[in-house]
$ cat run-v1.cif   # mmCIF, C-alpha atoms and all ligand atoms
data_target
loop_
_atom_site.group_PDB
_atom_site.id
_atom_site.type_symbol
_atom_site.label_atom_id
_atom_site.label_comp_id
_atom_site.auth_asym_id
_atom_site.auth_seq_id
_atom_site.Cartn_x
_atom_site.Cartn_y
_atom_site.Cartn_z
ATOM 1 C CA MET A 862 -8.597 183.502 13.076
ATOM 2 C CA ALA A 863 -7.793 186.199 10.559
ATOM 3 C CA SER A 864 -10.969 185.631 8.548
ATOM 4 C CA MET A 865 -13.044 185.861 11.721
ATOM 5 C CA VAL A 866 -11.316 189.111 12.578
ATOM 6 C CA ASN A 867 -11.931 190.464 9.095
ATOM 7 C CA GLN A 868 -15.628 189.695 9.374
ATOM 8 C CA GLN A 869 -15.741 191.648 12.605
ATOM 9 C CA ALA A 870 -13.866 194.521 11.001
ATOM 10 C CA GLU A 871 -16.526 194.834 8.329
ATOM 11 C CA GLN A 872 -19.347 195.327 10.802
ATOM 12 C CA VAL A 873 -20.951 198.748 10.908
ATOM 13 C CA VAL A 874 -19.742 200.837 13.826
ATOM 14 C CA ALA A 875 -22.466 200.668 16.457
ATOM 15 C CA PRO A 876 -23.498 203.683 18.535
ATOM 16 C CA LEU A 877 -20.906 204.146 21.230
ATOM 17 C CA ALA A 878 -21.677 203.397 24.849
ATOM 18 C CA PRO A 879 -21.969 206.268 27.328
ATOM 19 C CA SER A 880 -18.989 207.020 29.559
ATOM 20 C CA PRO A 881 -19.245 205.064 32.820
ATOM 21 C CA SER A 882 -18.528 206.476 36.236
ATOM 22 C CA LEU A 883 -15.381 205.480 38.130
ATOM 23 C CA ALA A 884 -17.613 203.176 40.223
ATOM 24 C CA ASP A 885 -19.019 201.436 37.112
ATOM 25 C CA VAL A 886 -15.546 200.706 35.800
ATOM 26 C CA THR A 887 -14.206 199.538 39.134
ATOM 27 C CA SER A 888 -17.165 197.198 39.564
ATOM 28 C CA GLY A 889 -15.732 194.740 37.114
ATOM 29 C CA TYR A 890 -16.726 195.602 33.552
ATOM 30 C CA GLY A 891 -14.326 193.976 31.150
ATOM 31 C CA ARG A 892 -15.068 193.259 27.516
ATOM 32 C CA GLY A 893 -11.555 192.398 26.457
ATOM 33 C CA VAL A 894 -10.029 189.061 27.351
ATOM 34 C CA PRO A 895 -6.320 189.750 27.585
ATOM 35 C CA ASP A 896 -3.781 187.269 26.246
ATOM 36 C CA ALA A 897 -2.381 184.708 28.685
ATOM 37 C CA ILE A 898 0.983 186.475 28.620
ATOM 38 C CA PHE A 899 -0.705 189.296 30.585
ATOM 39 C CA ALA A 900 -3.519 187.438 32.327
ATOM 40 C CA HIS A 901 -2.138 184.060 33.382
ATOM 41 C CA PRO A 902 -1.047 184.057 37.032
ATOM 42 C CA ARG A 903 2.253 182.324 36.163
ATOM 43 C CA LEU A 904 3.004 184.358 33.033
ATOM 44 C CA ALA A 905 2.319 187.895 34.291
ATOM 45 C CA PRO A 906 5.123 187.662 36.901
ATOM 46 C CA VAL A 907 7.706 186.767 34.213
ATOM 47 C CA TYR A 908 6.650 189.552 31.806
ATOM 48 C CA ASP A 909 8.997 192.282 33.034
ATOM 49 C CA THR A 910 12.056 190.017 32.968
ATOM 50 C CA PHE A 911 11.509 189.061 29.325
ATOM 51 C CA ASP A 912 10.526 192.619 28.368
ATOM 52 C CA GLY A 913 13.948 193.809 29.514
ATOM 53 C CA PRO A 914 15.058 197.319 30.467
ATOM 54 C CA ARG A 915 12.363 199.912 29.746
ATOM 55 C CA ASN A 916 14.411 202.370 27.736
ATOM 56 C CA ASP A 917 11.162 203.420 26.050
ATOM 57 C CA LEU A 918 9.609 205.042 29.095
ATOM 58 C CA ALA A 919 11.856 208.084 29.604
ATOM 59 C CA ALA A 920 10.438 209.589 26.409
ATOM 60 C CA TYR A 921 6.908 209.351 27.835
ATOM 61 C CA LEU A 922 7.970 211.076 31.065
ATOM 62 C CA GLY A 923 9.468 213.810 28.876
ATOM 63 C CA ILE A 924 6.260 214.132 26.843
ATOM 64 C CA ALA A 925 4.147 214.358 30.025
ATOM 65 C CA GLY A 926 6.397 217.243 31.118
ATOM 66 C CA GLU A 927 6.275 218.912 27.724
ATOM 67 C CA LEU A 928 2.461 218.798 27.729
ATOM 68 C CA GLY A 929 2.209 220.034 31.330
ATOM 69 C CA ALA A 930 0.197 216.943 32.285
ATOM 70 C CA HIS A 931 -0.531 216.502 35.998
ATOM 71 C CA ARG A 932 -3.354 213.983 35.818
ATOM 72 C CA VAL A 933 -2.484 210.967 33.683
ATOM 73 C CA LEU A 934 -4.493 207.928 32.586
ATOM 74 C CA ASP A 935 -2.346 204.902 31.680
ATOM 75 C CA VAL A 936 -4.484 202.735 29.387
ATOM 76 C CA GLY A 937 -3.378 199.096 29.239
ATOM 77 C CA CYS A 938 -0.892 199.703 32.053
ATOM 78 C CA GLY A 939 0.138 196.037 32.308
ATOM 79 C CA THR A 940 2.631 195.531 35.123
ATOM 80 C CA GLY A 941 2.621 199.255 35.836
ATOM 81 C CA CYS A 942 6.162 200.314 34.884
ATOM 82 C CA LEU A 943 5.161 203.694 33.425
ATOM 83 C CA ALA A 944 2.338 204.388 35.883
ATOM 84 C CA ILE A 945 4.718 204.036 38.838
ATOM 85 C CA LEU A 946 7.360 206.221 37.171
ATOM 86 C CA LEU A 947 4.768 208.928 36.483
ATOM 87 C CA ALA A 948 3.381 208.788 40.021
ATOM 88 C CA GLY A 949 6.937 209.051 41.340
ATOM 89 C CA THR A 950 7.152 212.510 39.761
ATOM 90 C CA GLY A 951 4.171 213.679 41.850
ATOM 91 C CA ARG A 952 1.566 213.286 39.133
ATOM 92 C CA THR A 953 -1.878 211.837 39.810
ATOM 93 C CA VAL A 954 -2.056 208.542 37.914
ATOM 94 C CA VAL A 955 -4.986 206.244 37.160
ATOM 95 C CA ALA A 956 -3.860 202.991 35.529
ATOM 96 C CA VAL A 957 -6.291 200.622 33.797
ATOM 97 C CA ASP A 958 -5.824 197.078 32.503
ATOM 98 C CA PRO A 959 -8.166 194.104 32.136
ATOM 99 C CA ALA A 960 -5.516 191.584 33.233
ATOM 100 C CA ALA A 961 -5.858 190.979 36.982
ATOM 101 C CA ALA A 962 -2.585 189.040 37.114
ATOM 102 C CA SER A 963 -0.627 191.960 35.613
ATOM 103 C CA LEU A 964 -2.275 194.394 38.023
ATOM 104 C CA GLU A 965 -1.287 192.126 40.904
ATOM 105 C CA VAL A 966 2.348 192.328 39.758
ATOM 106 C CA ALA A 967 2.005 196.107 39.469
ATOM 107 C CA ARG A 968 0.459 196.539 42.917
ATOM 108 C CA ALA A 969 3.353 194.658 44.541
ATOM 109 C CA LYS A 970 5.988 197.101 43.219
ATOM 110 C CA ASP A 971 7.636 199.881 45.201
ATOM 111 C CA GLY A 972 5.727 203.103 44.685
ATOM 112 C CA ALA A 973 2.545 201.315 43.547
ATOM 113 C CA GLY A 974 0.546 202.804 46.423
ATOM 114 C CA ALA A 975 0.635 206.200 44.734
ATOM 115 C CA VAL A 976 -1.287 204.898 41.692
ATOM 116 C CA THR A 977 -5.028 204.209 41.401
ATOM 117 C CA TRP A 978 -5.219 200.757 39.766
ATOM 118 C CA ILE A 979 -8.394 199.730 37.982
ATOM 119 C CA GLN A 980 -9.191 196.399 36.379
ATOM 120 C CA GLY A 981 -11.066 197.451 33.275
ATOM 121 C CA ASP A 982 -11.229 197.661 29.528
ATOM 122 C CA ALA A 983 -10.006 200.502 27.337
ATOM 123 C CA GLY A 984 -13.414 200.591 25.693
ATOM 124 C CA ARG A 985 -14.906 201.933 28.910
ATOM 125 C CA MET A 986 -12.678 204.338 30.739
ATOM 126 C CA PRO A 987 -13.468 206.056 34.033
ATOM 127 C CA SER A 988 -14.375 209.753 33.795
ATOM 128 C CA VAL A 989 -11.217 211.121 35.367
ATOM 129 C CA GLY A 990 -10.777 214.413 33.483
ATOM 130 C CA ALA A 991 -7.197 213.468 32.635
ATOM 131 C CA ASP A 992 -4.755 215.939 31.096
ATOM 132 C CA LEU A 993 -3.067 213.085 29.279
ATOM 133 C CA ALA A 994 -3.855 209.465 28.383
ATOM 134 C CA VAL A 995 -1.002 207.188 27.315
ATOM 135 C CA MET A 996 -0.818 203.779 25.664
ATOM 136 C CA THR A 997 2.725 202.416 25.765
ATOM 137 C CA GLY A 998 4.062 199.009 24.813
ATOM 138 C CA ASN A 999 2.033 199.053 21.599
ATOM 139 C CA VAL A 1000 -1.235 198.581 23.481
ATOM 140 C CA ALA A 1001 -2.940 200.307 20.532
ATOM 141 C CA GLN A 1002 -2.294 197.214 18.394
ATOM 142 C CA VAL A 1003 -4.380 194.861 20.554
ATOM 143 C CA PHE A 1004 -7.638 196.464 19.352
ATOM 144 C CA LEU A 1005 -8.301 194.417 16.261
ATOM 145 C CA THR A 1006 -11.533 195.687 14.774
ATOM 146 C CA GLU A 1007 -12.385 199.158 13.554
ATOM 147 C CA GLN A 1008 -15.301 199.140 15.925
ATOM 148 C CA ASP A 1009 -13.136 198.373 18.961
ATOM 149 C CA TRP A 1010 -10.539 200.986 18.009
ATOM 150 C CA ALA A 1011 -13.252 203.617 17.494
ATOM 151 C CA GLN A 1012 -14.773 202.715 20.855
ATOM 152 C CA VAL A 1013 -11.385 202.988 22.585
ATOM 153 C CA LEU A 1014 -10.717 206.407 21.043
ATOM 154 C CA TRP A 1015 -14.160 207.562 22.083
ATOM 155 C CA ALA A 1016 -13.835 206.202 25.633
ATOM 156 C CA ILE A 1017 -10.406 207.768 26.125
ATOM 157 C CA GLY A 1018 -11.706 211.061 24.743
ATOM 158 C CA ALA A 1019 -14.504 211.001 27.310
ATOM 159 C CA ALA A 1020 -11.952 210.374 30.075
ATOM 160 C CA LEU A 1021 -9.818 213.379 29.046
ATOM 161 C CA ARG A 1022 -10.534 216.958 29.956
ATOM 162 C CA PRO A 1023 -11.438 219.101 26.929
ATOM 163 C CA GLY A 1024 -8.158 219.838 25.201
ATOM 164 C CA GLY A 1025 -6.472 216.884 26.945
ATOM 165 C CA TYR A 1026 -3.902 214.776 25.102
ATOM 166 C CA LEU A 1027 -3.700 211.175 23.927
ATOM 167 C CA VAL A 1028 -0.195 209.865 23.261
ATOM 168 C CA PHE A 1029 0.384 206.341 22.004
ATOM 169 C CA GLU A 1030 2.804 204.279 19.992
ATOM 170 C CA THR A 1031 2.210 201.631 17.370
ATOM 171 C CA ARG A 1032 4.583 199.662 15.156
ATOM 172 C CA ARG A 1033 5.032 200.949 11.601
ATOM 173 C CA PRO A 1034 3.666 198.252 9.267
ATOM 174 C CA GLU A 1035 6.214 199.101 6.560
ATOM 175 C CA ARG A 1036 8.979 197.983 8.926
ATOM 176 C CA ARG A 1037 7.494 194.450 8.834
ATOM 177 C CA ALA A 1038 8.561 193.539 12.369
ATOM 178 C CA TRP A 1039 6.975 190.102 11.987
ATOM 179 C CA GLU A 1040 9.709 189.117 9.508
ATOM 180 C CA GLU A 1041 12.268 189.574 12.293
ATOM 181 C CA TRP A 1042 10.023 187.588 14.638
ATOM 182 C CA VAL A 1043 9.843 184.723 12.124
ATOM 183 C CA ALA A 1044 13.640 184.676 11.903
ATOM 184 C CA ASP A 1045 14.193 184.893 15.656
ATOM 185 C CA THR A 1046 12.328 182.151 17.494
ATOM 186 C CA GLY A 1047 14.708 181.841 20.433
ATOM 187 C CA PRO A 1048 14.671 180.108 22.774
ATOM 188 C CA VAL A 1049 15.648 182.675 25.383
ATOM 189 C CA THR A 1050 16.218 181.443 28.926
ATOM 190 C CA LEU A 1051 16.244 183.934 31.798
ATOM 191 C CA GLU A 1052 16.362 183.809 35.570
ATOM 192 C CA VAL A 1053 13.123 185.301 36.890
ATOM 193 C CA PRO A 1054 13.374 186.528 40.488
ATOM 194 C CA GLY A 1055 11.293 184.311 42.773
ATOM 195 C CA THR A 1056 10.529 181.853 39.958
ATOM 196 C CA GLY A 1057 13.817 180.460 38.667
ATOM 197 C CA LEU A 1058 14.872 179.753 35.113
ATOM 198 C CA VAL A 1059 12.198 180.203 32.464
ATOM 199 C CA GLU A 1060 12.562 179.495 28.739
ATOM 200 C CA GLN A 1061 10.638 181.544 26.189
ATOM 201 C CA CYS A 1062 10.047 180.624 22.534
ATOM 202 C CA ARG A 1063 8.123 182.788 20.046
ATOM 203 C CA GLU A 1064 6.529 181.446 16.885
ATOM 204 C CA VAL A 1065 4.652 183.495 14.285
ATOM 205 C CA THR A 1066 1.499 181.502 13.560
ATOM 206 C CA ALA A 1067 -0.201 183.656 10.891
ATOM 207 C CA VAL A 1068 0.462 186.750 8.818
ATOM 208 C CA ALA A 1069 -2.812 187.940 7.283
ATOM 209 C CA LEU A 1070 -2.210 191.669 7.127
ATOM 210 C CA PRO A 1071 -3.104 193.860 8.844
ATOM 211 C CA PHE A 1072 -3.162 191.034 11.414
ATOM 212 C CA VAL A 1073 -0.164 189.126 12.712
ATOM 213 C CA SER A 1074 -0.619 186.236 15.129
ATOM 214 C CA PHE A 1075 2.044 184.615 17.259
ATOM 215 C CA ARG A 1076 2.457 182.194 20.116
ATOM 216 C CA TYR A 1077 4.761 182.370 23.098
ATOM 217 C CA THR A 1078 5.648 179.141 24.857
ATOM 218 C CA TYR A 1079 7.102 179.384 28.354
ATOM 219 C CA THR A 1080 8.773 176.441 30.065
ATOM 220 C CA PHE A 1081 9.339 176.779 33.805
ATOM 221 C CA LEU A 1082 12.483 174.762 34.364
ATOM 222 C CA ALA A 1083 11.884 174.404 38.135
ATOM 223 C CA ASP A 1084 8.781 172.220 37.686
ATOM 224 C CA GLY A 1085 8.618 171.577 33.931
ATOM 225 C CA ALA A 1086 5.318 173.464 33.491
ATOM 226 C CA VAL A 1087 4.713 174.565 29.897
ATOM 227 C CA ILE A 1088 2.278 177.438 29.306
ATOM 228 C CA THR A 1089 1.437 179.001 25.952
ATOM 229 C CA SER A 1090 0.015 182.395 25.079
ATOM 230 C CA GLU A 1091 -1.591 183.241 21.730
ATOM 231 C CA SER A 1092 -1.740 186.841 20.484
ATOM 232 C CA THR A 1093 -2.916 188.764 17.442
ATOM 233 C CA LEU A 1094 -1.920 192.364 16.729
ATOM 234 C CA ARG A 1095 -3.206 194.787 14.131
ATOM 235 C CA PHE A 1096 -0.663 196.862 12.208
ATOM 236 C CA ARG A 1097 -2.281 200.181 11.232
ATOM 237 C CA GLY A 1098 -0.652 202.506 8.746
ATOM 238 C CA ARG A 1099 -0.199 206.208 9.332
ATOM 239 C CA GLU A 1100 -3.078 207.284 7.082
ATOM 240 C CA GLU A 1101 -5.468 204.836 8.705
ATOM 241 C CA LEU A 1102 -4.448 206.090 12.133
ATOM 242 C CA GLU A 1103 -4.792 209.719 11.134
ATOM 243 C CA SER A 1104 -8.266 209.235 9.698
ATOM 244 C CA SER A 1105 -9.484 207.182 12.679
ATOM 245 C CA LEU A 1106 -8.141 209.842 15.051
ATOM 246 C CA ALA A 1107 -9.857 212.624 13.114
ATOM 247 C CA ALA A 1108 -13.120 210.649 13.157
ATOM 248 C CA GLY A 1109 -12.703 210.143 16.914
ATOM 249 C CA GLY A 1110 -12.360 213.876 17.565
ATOM 250 C CA TYR A 1111 -8.569 214.154 17.925
ATOM 251 C CA ARG A 1112 -6.181 216.594 16.303
ATOM 252 C CA VAL A 1113 -2.765 215.122 15.482
ATOM 253 C CA LEU A 1114 -0.117 217.510 16.836
ATOM 254 C CA ASP A 1115 2.933 215.447 15.955
ATOM 255 C CA VAL A 1116 4.042 211.984 14.881
ATOM 256 C CA ARG A 1117 7.440 211.151 16.321
ATOM 257 C CA GLU A 1118 9.992 208.406 16.444
ATOM 258 C CA ALA A 1119 10.371 206.302 19.572
ATOM 259 C CA PRO A 1120 13.892 207.440 20.504
ATOM 260 C CA ASP A 1121 14.948 203.931 21.569
ATOM 261 C CA ARG A 1122 13.491 202.286 18.417
ATOM 262 C CA PRO A 1123 14.153 204.651 15.515
ATOM 263 C CA GLY A 1124 12.251 203.804 12.332
ATOM 264 C CA ARG A 1125 10.128 201.167 14.014
ATOM 265 C CA GLU A 1126 7.255 202.985 15.714
ATOM 266 C CA PHE A 1127 4.932 205.902 15.254
ATOM 267 C CA VAL A 1128 4.490 207.920 18.434
ATOM 268 C CA PHE A 1129 1.290 209.903 17.969
ATOM 269 C CA ILE A 1130 0.848 213.084 20.008
ATOM 270 C CA THR A 1131 -2.801 214.077 19.727
ATOM 271 C CA GLU A 1132 -5.190 216.508 21.335
ATOM 272 C CA ARG A 1133 -8.843 215.941 22.062
ATOM 273 C CA ALA A 1134 -10.937 218.563 20.355
ATOM 274 C CA ALA A 1135 -12.241 220.947 23.016
HETATM 275 C C1 LIG A 1201 2.362 194.855 25.649
HETATM 276 S S1 LIG A 1201 1.447 195.132 27.104
HETATM 277 C C2 LIG A 1201 1.921 196.803 27.500
HETATM 278 C C3 LIG A 1201 1.747 197.111 28.958
HETATM 279 C C4 LIG A 1201 2.230 198.499 29.394
HETATM 280 N N1 LIG A 1201 1.533 199.565 28.715
HETATM 281 C C5 LIG A 1201 3.706 198.651 29.212
HETATM 282 O O1 LIG A 1201 4.148 199.536 28.476
HETATM 283 O O2 LIG A 1201 4.438 197.872 29.846
HETATM 284 C C6 LIG A 1201 -0.199 195.298 26.463
HETATM 285 C C7 LIG A 1201 -1.244 195.497 27.563
HETATM 286 O O3 LIG A 1201 -2.514 195.752 26.946
HETATM 287 C C8 LIG A 1201 -3.477 195.206 27.813
HETATM 288 N N2 LIG A 1201 -4.765 195.055 27.142
HETATM 289 C C9 LIG A 1201 -5.209 194.027 26.373
HETATM 290 N N3 LIG A 1201 -6.479 194.223 26.009
HETATM 291 C C10 LIG A 1201 -6.855 195.405 26.570
HETATM 292 C C11 LIG A 1201 -8.074 196.131 26.603
HETATM 293 N N4 LIG A 1201 -9.154 195.684 25.955
HETATM 294 N N5 LIG A 1201 -8.111 197.284 27.299
HETATM 295 C C12 LIG A 1201 -7.013 197.750 27.943
HETATM 296 N N6 LIG A 1201 -5.842 197.083 27.961
HETATM 297 C C13 LIG A 1201 -5.768 195.936 27.290
HETATM 298 C C14 LIG A 1201 -2.880 193.876 28.221
HETATM 299 O O4 LIG A 1201 -3.531 193.299 29.335
HETATM 300 C C15 LIG A 1201 -1.434 194.293 28.461
HETATM 301 O O5 LIG A 1201 -1.228 194.649 29.800
#
$ encode --input "run-v1.cif" --output "structure tokens" --more "lines below"
Ligand SMILES: C[S@@+](CC[C@H](N)C(=O)[O-])C[C@H]1O[C@@H](n2cnc3c(N)ncnc32)[C@H](O)[C@@H]1O
Amino acid sequence: MASMVNQQAEQVVAPLAPSPSLADVTSGYGRGVPDAIFAHPRLAPVYDTFDGPRNDLAAYLGIAGELGAHRVLDVGCGTGCLAILLAGTGRTVVAVDPAAASLEVARAKDGAGAVTWIQGDAGRMPSVGADLAVMTGNVAQVFLTEQDWAQVLWAIGAALRPGGYLVFETRRPERRAWEEWVADTGPVTLEVPGTGLVEQCREVTAVALPFVSFRYTYTFLADGAVITSESTLRFRGREELESSLAAGGYRVLDVREAPDRPGREFVFITERAA
């Protein structure tokens, strides 16, 4: 897996695709195949329960206020926790994710009607003229190759108004979160509303930096179903992020802590060059 990813990473960055219209994106384009944990119809509904309280999101509401953002693009919105919070403050929110099952969970939530939900890939964003684009929940780490990351930065830039902001978090590689994951395999068993007891186990399957791969195994105690989800994340260092952002046409305004996870994440506050 890691060697395949490395081969991809070495490819020359191809010319970037033109920005699609909202209609193009809504019509089903989707290059990324999201992990089962987001895309499987039985796993997406258990995601929020295992993710726990979203103490991370208040900081993003605060940043949206600080930046005076009224029109927000939530890239990799998943089950829509932040998108719905932002829309609840009267902002216009467009939320994009390739995982239909996660979007279905999102659409069923209170307040979801105020959000425009789009099944799509971060590499092709709708032209919404957003004041702010956000990637929470470490979405930035799912883009494994340099080419994909460059494409995502370009596509988000095209979806922002000139001078619009991109704010995202990503785990600091020097914190070596995977070592904690290796030590803590669970299992964790939780009651999921409407589903019953579900057991989750996590296993790190490969560490080939900057890539870390892991597997979640879910056992649904009501019927004994066992479903696994394989993931690989890329851990980018601060210098790598800063140079890729500069190459993508962004100015870094600040790099902050995530207030609920001090020392663990970079929160990049960036501005698209006008
Ligand atoms: C850890 S979840 C975070 C979800 C949400 N941002 C949150 O904070 O709850 C990562 C999300 O990235 C999405 N994702 C994976 N590949 C993607 C892609 N190519 N484009 C956009 N989103 C993607 C997944 O479907 C998943 O919903």
$ residues_near_ligand --input "run-v1.cif" --ligand "ligand LIG 1201 (chain A)" --cutoff "10 Å" --atoms "all atoms listed in the file" --output "tab-separated table (two decimals) with C-alpha atoms, keeping the file's coordinate frame"
chain	number	residue	atom	x	y	z
A	891	GLY	CA	-14.33	193.98	31.15
A	892	ARG	CA	-15.07	193.26	27.52
A	893	GLY	CA	-11.56	192.40	26.46
A	894	VAL	CA	-10.03	189.06	27.35
A	895	PRO	CA	-6.32	189.75	27.58
A	896	ASP	CA	-3.78	187.27	26.25
A	897	ALA	CA	-2.38	184.71	28.68
A	898	ILE	CA	0.98	186.48	28.62
A	899	PHE	CA	-0.70	189.30	30.58
A	900	ALA	CA	-3.52	187.44	32.33
A	905	ALA	CA	2.32	187.90	34.29
A	908	TYR	CA	6.65	189.55	31.81
A	909	ASP	CA	9.00	192.28	33.03
A	912	ASP	CA	10.53	192.62	28.37
A	915	ARG	CA	12.36	199.91	29.75
A	917	ASP	CA	11.16	203.42	26.05
A	918	LEU	CA	9.61	205.04	29.10
A	935	ASP	CA	-2.35	204.90	31.68
A	936	VAL	CA	-4.48	202.74	29.39
A	937	GLY	CA	-3.38	199.10	29.24
A	938	CYS	CA	-0.89	199.70	32.05
A	939	GLY	CA	0.14	196.04	32.31
A	940	THR	CA	2.63	195.53	35.12
A	941	GLY	CA	2.62	199.26	35.84
A	942	CYS	CA	6.16	200.31	34.88
A	943	LEU	CA	5.16	203.69	33.42
A	944	ALA	CA	2.34	204.39	35.88
A	956	ALA	CA	-3.86	202.99	35.53
A	957	VAL	CA	-6.29	200.62	33.80
A	958	ASP	CA	-5.82	197.08	32.50
A	959	PRO	CA	-8.17	194.10	32.14
A	960	ALA	CA	-5.52	191.58	33.23
A	961	ALA	CA	-5.86	190.98	36.98
A	962	ALA	CA	-2.58	189.04	37.11
A	963	SER	CA	-0.63	191.96	35.61
A	964	LEU	CA	-2.28	194.39	38.02
A	980	GLN	CA	-9.19	196.40	36.38
A	981	GLY	CA	-11.07	197.45	33.28
A	982	ASP	CA	-11.23	197.66	29.53
A	983	ALA	CA	-10.01	200.50	27.34
A	984	GLY	CA	-13.41	200.59	25.69
A	985	ARG	CA	-14.91	201.93	28.91
A	986	MET	CA	-12.68	204.34	30.74
A	995	VAL	CA	-1.00	207.19	27.32
A	996	MET	CA	-0.82	203.78	25.66
A	997	THR	CA	2.72	202.42	25.76
A	998	GLY	CA	4.06	199.01	24.81
A	999	ASN	CA	2.03	199.05	21.60
A	1000	VAL	CA	-1.24	198.58	23.48
A	1001	ALA	CA	-2.94	200.31	20.53
A	1002	GLN	CA	-2.29	197.21	18.39
A	1003	VAL	CA	-4.38	194.86	20.55
A	1004	PHE	CA	-7.64	196.46	19.35
A	1005	LEU	CA	-8.30	194.42	16.26
A	1009	ASP	CA	-13.14	198.37	18.96
A	1010	TRP	CA	-10.54	200.99	18.01
A	1013	VAL	CA	-11.38	202.99	22.58
A	1029	PHE	CA	0.38	206.34	22.00
A	1030	GLU	CA	2.80	204.28	19.99
A	1092	SER	CA	-1.74	186.84	20.48
$ closest_residue --input "run-v1.cif" --among "A:Ser1104, A:Val933, A:Leu1094, A:Pro1120" --to "Arg1022 in chain A" --atoms "all atoms listed in the file"
A:Val933
$ residues_near_point --input "run-v1.cif" --point "(-11.7, 215.9, 18.6)" --cutoff "12 Å" --atoms "all atoms listed in the file" --output "list in words"
Leu1014, Trp1015, Ile1017, Gly1018, Ala1019, Leu1021, Arg1022, Pro1023, Gly1024, Gly1025, Tyr1026, Leu1027, Glu1103, Ser1104, Ser1105, Leu1106, Ala1107, Ala1108, Gly1109, Gly1110, Tyr1111, Arg1112, Val1113, Leu1114, Thr1131, Glu1132, Arg1133, Ala1134 and Ala1135 of chain A
$ write_last_selection --input "run-v1.cif" --atoms "C-alpha atoms" --output "compact mmCIF listing (two decimals), in the coordinates of the input"
# COMPACT_ATOMS: atom_id res chain seq x y z
CA LEU A 1014 -10.72 206.41 21.04
CA TRP A 1015 -14.16 207.56 22.08
CA ILE A 1017 -10.41 207.77 26.12
CA GLY A 1018 -11.71 211.06 24.74
CA ALA A 1019 -14.50 211.00 27.31
CA LEU A 1021 -9.82 213.38 29.05
CA ARG A 1022 -10.53 216.96 29.96
CA PRO A 1023 -11.44 219.10 26.93
CA GLY A 1024 -8.16 219.84 25.20
CA GLY A 1025 -6.47 216.88 26.94
CA TYR A 1026 -3.90 214.78 25.10
CA LEU A 1027 -3.70 211.18 23.93
CA GLU A 1103 -4.79 209.72 11.13
CA SER A 1104 -8.27 209.24 9.70
CA SER A 1105 -9.48 207.18 12.68
CA LEU A 1106 -8.14 209.84 15.05
CA ALA A 1107 -9.86 212.62 13.11
CA ALA A 1108 -13.12 210.65 13.16
CA GLY A 1109 -12.70 210.14 16.91
CA GLY A 1110 -12.36 213.88 17.57
CA TYR A 1111 -8.57 214.15 17.92
CA ARG A 1112 -6.18 216.59 16.30
CA VAL A 1113 -2.76 215.12 15.48
CA LEU A 1114 -0.12 217.51 16.84
CA THR A 1131 -2.80 214.08 19.73
CA GLU A 1132 -5.19 216.51 21.34
CA ARG A 1133 -8.84 215.94 22.06
CA ALA A 1134 -10.94 218.56 20.36
CA ALA A 1135 -12.24 220.95 23.02
$ resolve_selection --input "run-v1.cif" --expression "the PyMOL selection byres (((chain A and resi 1035-1046) around 10) and not hetatm)" --output "NGL selection string"
:A and (1032-1034 or 1047-1049 or 1061-1068 or 1073-1075 or 1077 or 1096-1099 or 1124-1126)
$ closest_residue --input "run-v1.cif" --among "A:Val955, A:Val907, A:Val1087, A:Gln1008" --to "Gly1057 in chain A" --atoms "only C-alpha atoms"
A:Val907
$ closest_residue --input "run-v1.cif" --among "A:Ala1011, A:Ala1020, A:Val1059, A:Val976" --to "Thr1078 in chain A" --atoms "only C-alpha atoms"
A:Val1059
$ atom_distance --input "run-v1.cif" --atom1 "CA of Lys970 in chain A" --atom2 "CA of Pro902 in chain A"
16.1 Å
$ residues_around --input "run-v1.cif" --residues "Leu922 in chain A" --least-positions-apart "3" --cutoff "9 Å" --atoms "all atoms listed in the file" --output "MDAnalysis selection string"
chainID A and resid 918:919 925:927 943 946:947 950
$ atom_distance --input "run-v1.cif" --atom1 "CA of Leu928 in chain A" --atom2 "CA of Leu1102 in chain A"
21.3 Å
$ atom_distance --input "run-v1.cif" --atom1 "CA of Asp1121 in chain A" --atom2 "CA of Pro1071 in chain A"
24.3 Å
$ resolve_selection --input "run-v1.cif" --expression "the PyMOL selection byres (((chain A and resi 1128) around 9) and not hetatm)" --output "list in words"
Val1028, Phe1029, Glu1030, Thr1031, Arg1032, Asp1115, Val1116, Arg1117, Glu1118, Ala1119, Glu1126, Phe1127, Phe1129 and Ile1130 of chain A
$ write_last_selection --input "run-v1.cif" --atoms "C-alpha atoms" --output "compact mmCIF listing (two decimals), in the coordinates of the input"
# COMPACT_ATOMS: atom_id res chain seq x y z
CA VAL A 1028 -0.20 209.86 23.26
CA PHE A 1029 0.38 206.34 22.00
CA GLU A 1030 2.80 204.28 19.99
CA THR A 1031 2.21 201.63 17.37
CA ARG A 1032 4.58 199.66 15.16
CA ASP A 1115 2.93 215.45 15.96
CA VAL A 1116 4.04 211.98 14.88
CA ARG A 1117 7.44 211.15 16.32
CA GLU A 1118 9.99 208.41 16.44
CA ALA A 1119 10.37 206.30 19.57
CA GLU A 1126 7.26 202.98 15.71
CA PHE A 1127 4.93 205.90 15.25
CA PHE A 1129 1.29 209.90 17.97
CA ILE A 1130 0.85 213.08 20.01
